[in-house]
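Encoded as structure tokens, the structure appears first; notes follow it.
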Amino acid sequence: MSSLISDELRFFVRSRADRICEYCLNHEGDCLFTLQIDHIISLKHGGGADSENLALACIVCNRQKGSDVGTILADRSFSRFFNPRTDSWAVHFRLVGATIQPITVSGEATVHILRFNDSERVVEREELIAQGRYPTAQALARIMG
């Protein structure tokens with residue numbers, strides 16, 4: 001699949017995202033692995049390899065999301081995930097301490113499936129906050145809307 005995305009497009013996606021995961025807002029410099037190009041709507045669901053369907057994601061968010069486009073909620077209804085190309089982070093989430101809290105149903109679905117608030121991820125954000133490295137200025141702009 002990666003062969004479908006040119007080096008120029010990869011560079012564009014990384015630059016547009018300011019080298020932060022467009023889901024959890026971790027900076028690439030604070031991740032163990034290089035951030036990955038995510039198909040917001042997977043190829044198997046009809047998504048394309050164009051800039052409007054690509055996002056930059058950390059390995060944790062990308063693996064949790066996989067090829068899913070949404071999830072079934074507790075009330076058995078379906079909710080799509082947050083879409084970094086069409087949605088504002090600040091509309092769907094708020095950062096409270098080191099916890100990312102959902103504001104909308106799509107935010108709830110995303111927080112749950114991408115496991116934003118697993119204890120390891122919260123501890124990691126707490127440490128980055130203590131070091132003044134989370135959120136970055138670029139991530140803060142998304143948080144503030």
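Following the order of the structure tokens, chains are lettered A, B, ..., residues in each are numbered from 1, and ligands are numbered from 1.
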
Each residue of stretch 71-113 of chain A lying at most 9 Å from stretch 22-27 of chain A should get a row with its shortest atom-to-atom pair and the distance in Å to one decimal, counting only C-alpha atoms; could you produce that, ordered by chain and increasing number, as CSV?
```
residue,atom,partner,partner_atom,distance
A:Phe82,CA,A:Tyr23,CA,7.9
A:Asn83,CA,A:Tyr23,CA,8.6
A:Pro84,CA,A:Glu22,CA,6.2
A:Trp89,CA,A:Tyr23,CA,8.1
A:Ile100,CA,A:Cys24,CA,7.9
A:Thr110,CA,A:Tyr23,CA,8.4
A:Val111,CA,A:Cys24,CA,8.9
```

Just write the chosen residues, C-alpha atoms, as a PDB file, in the first residue's frame.
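Wrote part20.pdb, looks like this:
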```pdb
ATOM      1  CA  PHE A  82     -12.901  11.845  14.090  1.00  0.00           C
ATOM      2  CA  ASN A  83     -11.613  12.833  10.633  1.00  0.00           C
ATOM      3  CA  PRO A  84      -8.552  15.105  10.759  1.00  0.00           C
ATOM      4  CA  TRP A  89      -9.904  18.598  17.044  1.00  0.00           C
ATOM      5  CA  ILE A 100      -8.151  13.519  26.212  1.00  0.00           C
ATOM      6  CA  THR A 110     -12.322   7.786  18.610  1.00  0.00           C
ATOM      7  CA  VAL A 111     -11.172   8.050  22.234  1.00  0.00           C
TER       8      VAL A 111
END
```

- Query: Near A:Pro135, counting only C-alpha atoms, which residues have an atom at most 10 Å away, once you skip same-chain residues fewer than 5 positions from it, shown as a PyMOL selection string?
  - Reply: chain A and resi 20+24-27+95+98+125+128-129+140-143

- Item | Nearby residues (only C-alpha atoms) at most 9 Å from A:Glu52, same-chain spacing under 6 positions excluded, as number ranges by chain | A: 40, 85-86

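Running DSSP on the backbone and keeping only strand (DSSP E), the residues of chain A that qualify are Gln36, Ile37, Asp38, His39, Leu54, Ala55, Leu56, Ala57, Gly70, Thr71, Ile72, Phe78, Ser79, Arg80, Phe93, Arg94, Leu95, Val96, Thr99, Ile100, Gln101 and Pro102 of chain A.
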
Residues from last step as file, N, CA and C atoms, as a PDB file, in the first residue's frame:
```pdb
ATOM      1  N   GLN A  36       3.324   7.495  11.010  1.00  0.00           N
ATOM      2  CA  GLN A  36       2.923   6.771   9.814  1.00  0.00           C
ATOM      3  C   GLN A  36       1.843   7.518   9.054  1.00  0.00           C
ATOM      4  N   ILE A  37       1.781   7.245   7.757  1.00  0.00           N
ATOM      5  CA  ILE A  37       0.704   7.790   6.939  1.00  0.00           C
ATOM      6  C   ILE A  37      -0.511   6.879   7.119  1.00  0.00           C
ATOM      7  N   ASP A  38      -1.630   7.467   7.508  1.00  0.00           N
ATOM      8  CA  ASP A  38      -2.876   6.736   7.732  1.00  0.00           C
ATOM      9  C   ASP A  38      -3.872   7.089   6.642  1.00  0.00           C
ATOM     10  N   HIS A  39      -4.504   6.069   6.087  1.00  0.00           N
ATOM     11  CA  HIS A  39      -5.651   6.288   5.201  1.00  0.00           C
ATOM     12  C   HIS A  39      -6.858   6.471   6.118  1.00  0.00           C
ATOM     13  N   LEU A  54      -5.566  11.315   3.694  1.00  0.00           N
ATOM     14  CA  LEU A  54      -4.374  10.888   4.418  1.00  0.00           C
ATOM     15  C   LEU A  54      -4.148  11.760   5.638  1.00  0.00           C
ATOM     16  N   ALA A  55      -3.716  11.105   6.707  1.00  0.00           N
ATOM     17  CA  ALA A  55      -3.391  11.805   7.949  1.00  0.00           C
ATOM     18  C   ALA A  55      -2.088  11.226   8.480  1.00  0.00           C
ATOM     19  N   LEU A  56      -1.442  11.956   9.357  1.00  0.00           N
ATOM     20  CA  LEU A  56      -0.234  11.472  10.017  1.00  0.00           C
ATOM     21  C   LEU A  56      -0.649  10.908  11.374  1.00  0.00           C
ATOM     22  N   ALA A  57      -0.202   9.697  11.666  1.00  0.00           N
ATOM     23  CA  ALA A  57      -0.626   9.026  12.898  1.00  0.00           C
ATOM     24  C   ALA A  57       0.543   8.338  13.579  1.00  0.00           C
ATOM     25  N   GLY A  70     -15.210   3.564  11.981  1.00  0.00           N
ATOM     26  CA  GLY A  70     -16.057   3.919  13.108  1.00  0.00           C
ATOM     27  C   GLY A  70     -16.261   2.710  13.996  1.00  0.00           C
ATOM     28  N   THR A  71     -17.220   2.814  14.901  1.00  0.00           N
ATOM     29  CA  THR A  71     -17.460   1.726  15.848  1.00  0.00           C
ATOM     30  C   THR A  71     -18.929   1.711  16.283  1.00  0.00           C
ATOM     31  N   ILE A  72     -19.304   0.606  16.881  1.00  0.00           N
ATOM     32  CA  ILE A  72     -20.633   0.461  17.481  1.00  0.00           C
ATOM     33  C   ILE A  72     -20.529   0.925  18.935  1.00  0.00           C
ATOM     34  N   PHE A  78     -24.099   3.263  15.467  1.00  0.00           N
ATOM     35  CA  PHE A  78     -22.792   3.380  14.826  1.00  0.00           C
ATOM     36  C   PHE A  78     -22.326   4.826  14.874  1.00  0.00           C
ATOM     37  N   SER A  79     -21.061   5.027  15.142  1.00  0.00           N
ATOM     38  CA  SER A  79     -20.471   6.355  15.052  1.00  0.00           C
ATOM     39  C   SER A  79     -19.177   6.285  14.267  1.00  0.00           C
ATOM     40  N   ARG A  80     -19.006   7.232  13.378  1.00  0.00           N
ATOM     41  CA  ARG A  80     -17.747   7.353  12.652  1.00  0.00           C
ATOM     42  C   ARG A  80     -16.691   7.905  13.592  1.00  0.00           C
ATOM     43  N   PHE A  93     -12.769  17.032  20.996  1.00  0.00           N
ATOM     44  CA  PHE A  93     -11.999  16.634  22.185  1.00  0.00           C
ATOM     45  C   PHE A  93     -11.607  17.849  23.002  1.00  0.00           C
ATOM     46  N   ARG A  94     -11.286  17.569  24.265  1.00  0.00           N
ATOM     47  CA  ARG A  94     -10.642  18.588  25.102  1.00  0.00           C
ATOM     48  C   ARG A  94      -9.569  17.878  25.922  1.00  0.00           C
ATOM     49  N   LEU A  95      -8.492  18.595  26.158  1.00  0.00           N
ATOM     50  CA  LEU A  95      -7.399  18.075  26.954  1.00  0.00           C
ATOM     51  C   LEU A  95      -7.589  18.556  28.383  1.00  0.00           C
ATOM     52  N   VAL A  96      -7.728  17.615  29.308  1.00  0.00           N
ATOM     53  CA  VAL A  96      -7.873  17.925  30.729  1.00  0.00           C
ATOM     54  C   VAL A  96      -6.729  17.216  31.434  1.00  0.00           C
ATOM     55  N   THR A  99      -5.421  13.793  30.142  1.00  0.00           N
ATOM     56  CA  THR A  99      -6.515  12.987  29.595  1.00  0.00           C
ATOM     57  C   THR A  99      -7.162  13.716  28.423  1.00  0.00           C
ATOM     58  N   ILE A 100      -7.429  12.975  27.358  1.00  0.00           N
ATOM     59  CA  ILE A 100      -8.151  13.519  26.212  1.00  0.00           C
ATOM     60  C   ILE A 100      -9.606  13.102  26.368  1.00  0.00           C
ATOM     61  N   GLN A 101     -10.460  14.075  26.616  1.00  0.00           N
ATOM     62  CA  GLN A 101     -11.873  13.795  26.849  1.00  0.00           C
ATOM     63  C   GLN A 101     -12.684  14.061  25.587  1.00  0.00           C
ATOM     64  N   PRO A 102     -13.619  13.166  25.272  1.00  0.00           N
ATOM     65  CA  PRO A 102     -14.475  13.391  24.108  1.00  0.00           C
ATOM     66  C   PRO A 102     -15.540  14.434  24.404  1.00  0.00           C
TER      67      PRO A 102
END
```

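Our summary of the geometry notes that atom CA of A:Val105 is positioned 23.4 Å from atom CA of A:Gly46.
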
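Using only C-alpha atoms, the smallest distance between any of A:Arg19, A:Phe12, A:Gln64, A:Arg133 and A:Asp50 comes from A:Phe12.
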
- Query: Tell me, which residues of chain A carry DSSP alpha helix (DSSP H), written as a PyMOL selection string?
  - Reply: chain A and resi 7-16+59-65+89-92+105-113+119-130+137-144

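The spacing separating atom CA of A:Ser42 from atom CA of A:Ser67 amounts to 5.2 Å.
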
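Comparing A:Cys58, A:Val122, A:Ala90, A:Leu9 by their smallest distance to A:Gly29, the closest is A:Cys58 (using only C-alpha atoms).
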